[in-house]
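Take a look at the structure set out below.
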Amino acid sequence: MTSQDIAAGIITGTELSAETETALERAVASHRHEALFSERAHNIKQSAVRDVFDISIRPGLVSLAGGSPSLTGLPLDLVAQTASKVITEHGMEALHYGGGKGTEELRALICEIMAEEGILGASPEDVVVTTGSQSAQDIAAKVFCNPGDVVLVEDPTYVGALNTFEAYQVQVEAVRMDGNGLIPEDLEARIAELEAAGKTIKLLYTIPSFNNPSGITMAAERRQRVVDIAREHNILVLEDNPYGMLRFDGKPLAPLRADNPDDVIYCGSFSKIFSPGVRLGWALVPRHLYRRFYLAAEAVVLCPSTLTQLIVTEFFRRFDWRAYLAESRAVYAQRCEAMLSALAAEFPAEATWTTPDGGFFVWVTLPEGIDTYPLLHEAIDAGVVFIPGAAFTSSDEPSNRLRLAFSGVAPEQIREGVKRLAPVVRRAVEQHAGA
């Protein structure tokens with residue numbers, strides 16, 4: 001048996017973290033092809049969220065880990081009819097290659113959706129349809145970043161974006177948040193510090209509405225100031241807004257892109273407002289940057305799926321999607337309230353958490369010095385799964401935080417999951433206090 005066989009046998013076990021799997025792969029690597037890997041390849045890691053997601057599908061576990069949308073209200077019969085209609089009436093087009101930018105009809109629909117959020121007057125000619133919004137982040141990093149360039153991110157931020165940026169060998173630098181989102185004064189100070197060190201800052205990546213993982217929303221009065229600071233330093237803002245239309249009161253805050261068409265690349269997604277399975281997102285790109293962005297997208301995927309584009313376009317034209325989103329917001333509000341009330345009833349007083357007004361997530365903070373990563377294994381034994389906070393930062397330091405997702409779980413399951421997790425958290429707090 002070769003060392004690769006041994007590694008394969010170990011690595012396929014679901015008990016190991018992604019970091020452990022990577023370390024084992026490197027430790028036993030001896031095949032001659034290992035020398036062919038690029039430096040970039042060693043920065044490509046399996047997402048810690050994905051690692052836990054694979055565990056969370058075990059029978060009997062309550063998963064508070066995955067930020068999955070609720071599809072219970074989606075009329076599957078109408079989806080099926082729509083797909084059948086597209087194949088029957090437009091089969092030759094649907095099953096063939098399409099344009100690299102995406103269909104004109106879908107790009108027009110995307111502009112309608114963005115108008116509901118406050119981005120008025122956007123042109124379909126400035127939209128690139130992507131394979132989910134994370135593809136847009138990848139394209140942005142490819143087009144704008146050289147190895148060693150700096151990308152600024154919120155602390156905490158989306159783990160998928162961290163993995164994308166690190167794969168392009170950039171230096172990811174975090175900027176502090178408080179309960180009102182990214183702190184402009186801290187952003188200015190961080191930029192000044194990095195520029196004084198001779199660094200080139202290319203992008204500011206932000207999830208301003210219902211940040212993943214924290215659920216925090218950047219206050220309306222901070223939004224323009226953040227863009228102004230970035231503009232002053234010639235830093236492009238990469239705005240990721242998949243949850244923007246999921247504010248519980250149905251009144252989304254205007255995106256950063258709304259009043260800043262030349263300084264913000266806006267990323268949206270159908271994953272949270274329709275279905276993640278269609279794998280469709282988009283980027284609204286400043287016109288002067290559009291051509292290279294679009295060509296970089298085309299170079300990777302050639303064209304987004306024509307079939308799924310036609311299905312989504314036809315479905316949205318036939319379906320009252322605004323009413324569906326209103327129903328979805330009500331579902332998420334109910335589930336969020338179930339989680340917040342369960343946390344208040346079950347968790348120790350030493351724990352605190354955010355109170356989101358939209359989106360999918362609650363961010364829990366335990367006393368300083370508690371590492372939530374080891375608690376994951378105890379939680380799994382107790383029958384519940386969460387994501388440790390360390391997954392959402394570029395730092396290698398332990399984290400005393402954890403993310404709980406309420407979006408894809410019914411209220412009774414949320415309450416049960418929090419009830420199972422509470423003793424694990426309580427023991428950790430007691431042991432920390434007695435140390």
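Just remember, in the structure tokens the first chain shown is A, the second B, etc., residues are 1-based per chain, and ligands are 1-based in the order shown.
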
Do you know which residues are at most 10 Å from Gly148 (chain A) counting only C-alpha atoms, after dropping those on the same chain fewer than 3 positions away, and could you put them as a short mmCIF file (atom, residue, chain, number, x, y, z; two decimals) with C-alpha atoms, in the first residue's frame?
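Contents of the output file selection_29.cif:
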data_model
loop_
_atom_site.label_atom_id
_atom_site.label_comp_id
_atom_site.auth_asym_id
_atom_site.auth_seq_id
_atom_site.Cartn_x
_atom_site.Cartn_y
_atom_site.Cartn_z
CA CYS A 145 -5.26 41.46 -7.93
CA VAL A 151 -7.90 42.96 -0.18
CA TYR A 168 -5.04 34.35 -5.76
CA GLN A 169 -2.21 34.86 -3.25
CA VAL A 170 -3.43 38.21 -2.01
CA GLN A 171 -2.91 39.61 1.47
CA VAL A 172 -6.29 39.65 3.21
CA LYS A 199 1.16 47.97 0.31
CA THR A 200 -1.11 48.20 -2.73
CA ILE A 201 -4.77 47.91 -1.76
#

Practice item. Would you kindly return, as a PyMOL selection string, each protein, DNA or RNA residue with an atom no farther than 12 Å from any atom of Val312 (chain A), considering only C-alpha atoms and excluding same-chain residues fewer than 2 positions away? Key: chain A and resi 78-80+82-83+85-86+94+103+105-107+109-110+269-271+273-281+305-310+314-319+321

Practice item. Pick out the residues sitting within 8 Å of region 370-381 of chain A, and hand them over as a PyMOL selection string; count only C-alpha atoms, and ignore anything fewer than 3 positions along from it in its own chain. Key: chain A and resi 61+366-367+384-390+398-402+420-421+424-425+428-429+432

Review point. Ala140 (chain A): which residues within 12 Å, counting only C-alpha atoms, same-chain residues fewer than 2 positions away excluded, as a ChimeraX atom specification?
Key: /A:128,130,133-138,142-146,151,161,164-165,168,202-205,236-240,264-267,283-285,289-290,292-297

Practice item. Pick out the residues sitting within 12 Å of Ala323 (chain A), and hand them over as a PyMOL selection string; count only C-alpha atoms, and ignore anything fewer than 3 positions along from it in its own chain. Key: chain A and resi 73-74+250+273+316+319-320+326-330

**Study point:** Backbone DSSP call of helix (DSSP H, G or I) for region 4-220 of chain A, listed as JSON, numbers by chain
**Key:** {"A": [4, 5, 6, 7, 8, 9, 10, 11, 18, 19, 20, 21, 22, 23, 24, 25, 26, 27, 28, 32, 33, 34, 35, 36, 40, 41, 42, 43, 48, 49, 50, 51, 52, 53, 54, 55, 56, 76, 77, 78, 79, 80, 81, 82, 83, 84, 85, 86, 87, 88, 89, 90, 91, 92, 93, 94, 104, 105, 106, 107, 108, 109, 110, 111, 112, 113, 114, 115, 116, 117, 124, 125, 126, 133, 134, 135, 136, 137, 138, 139, 140, 141, 142, 143, 144, 159, 160, 161, 162, 163, 164, 165, 166, 167, 184, 185, 186, 187, 188, 189, 190, 191, 192, 193, 194, 195, 196, 220]}

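Shortest separation to Gly98 (chain A) among A:Pro304, A:Gly179, A:Gly60, A:Pro242 occurs at residue A:Pro304, atoms counted being only C-alpha atoms.
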
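Using only C-alpha atoms, the nearest neighbour of Ser214 (chain A) within the list A:Asp186, A:Glu93, A:Asp249, A:Asp357 is A:Asp357.
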
Exercise for review: Could you please write out, as a ChimeraX atom specification, every residue of region 164-349 of chain A that DSSP assigns to strand (DSSP E)?
Suggested key: /A:171-178,181-182,201-206,236-240,264-269,281-284

I need the chosen residues saved as a PDB file, in the first residue's frame, with C-alpha atoms.
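This went into part22.pdb:
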ATOM      1  CA  GLN A 171      -2.909  39.606   1.469  1.00  0.00           C
ATOM      2  CA  VAL A 172      -6.288  39.653   3.207  1.00  0.00           C
ATOM      3  CA  GLU A 173      -6.550  42.330   5.884  1.00  0.00           C
ATOM      4  CA  ALA A 174      -9.525  42.611   8.218  1.00  0.00           C
ATOM      5  CA  VAL A 175     -11.256  45.797   9.353  1.00  0.00           C
ATOM      6  CA  ARG A 176     -13.238  45.896  12.577  1.00  0.00           C
ATOM      7  CA  MET A 177     -17.012  45.987  12.756  1.00  0.00           C
ATOM      8  CA  ASP A 178     -19.361  46.966  15.540  1.00  0.00           C
ATOM      9  CA  GLY A 181     -21.191  47.371  10.576  1.00  0.00           C
ATOM     10  CA  LEU A 182     -17.827  48.385   9.191  1.00  0.00           C
ATOM     11  CA  ILE A 201      -4.772  47.910  -1.764  1.00  0.00           C
ATOM     12  CA  LYS A 202      -7.037  46.857  -4.611  1.00  0.00           C
ATOM     13  CA  LEU A 203     -10.431  45.873  -3.196  1.00  0.00           C
ATOM     14  CA  LEU A 204     -12.683  46.404  -0.211  1.00  0.00           C
ATOM     15  CA  TYR A 205     -14.996  43.393   0.059  1.00  0.00           C
ATOM     16  CA  THR A 206     -18.136  44.026   2.072  1.00  0.00           C
ATOM     17  CA  LEU A 236     -12.636  49.458  -5.658  1.00  0.00           C
ATOM     18  CA  VAL A 237     -15.590  48.347  -3.518  1.00  0.00           C
ATOM     19  CA  LEU A 238     -16.803  44.782  -4.074  1.00  0.00           C
ATOM     20  CA  GLU A 239     -20.306  44.706  -2.615  1.00  0.00           C
ATOM     21  CA  ASP A 240     -21.780  41.251  -1.974  1.00  0.00           C
ATOM     22  CA  VAL A 264     -18.720  49.690  -6.758  1.00  0.00           C
ATOM     23  CA  ILE A 265     -18.956  46.231  -8.315  1.00  0.00           C
ATOM     24  CA  TYR A 266     -22.256  44.829  -7.075  1.00  0.00           C
ATOM     25  CA  CYS A 267     -22.737  41.058  -6.669  1.00  0.00           C
ATOM     26  CA  GLY A 268     -26.199  39.515  -6.439  1.00  0.00           C
ATOM     27  CA  SER A 269     -27.564  35.985  -6.440  1.00  0.00           C
ATOM     28  CA  GLY A 281     -25.713  35.109  -9.797  1.00  0.00           C
ATOM     29  CA  TRP A 282     -24.656  38.359 -11.343  1.00  0.00           C
ATOM     30  CA  ALA A 283     -22.278  41.276 -11.217  1.00  0.00           C
ATOM     31  CA  LEU A 284     -23.284  44.847 -11.997  1.00  0.00           C
TER      32      LEU A 284
END

**Study point:** Among the residues A:Pro184, A:Gly434, A:Pro356, A:Pro213, the one that comes closest to Leu246 (chain A) [using only C-alpha atoms]
**Key:** A:Pro356

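Atom pair CA of Phe248 (chain A) / CA of Ala342 (chain A) has a distance of 19.0 Å (rounded to one decimal).
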
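CA of Ile229 (chain A) is positioned 7.9 Å from CA of Leu187 (chain A).
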
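If you measure from each of A:Leu64, A:Ile191, A:Ile87, A:Ala219 to Arg231 (chain A) using only C-alpha atoms, the closest one turns out to be A:Ile191.
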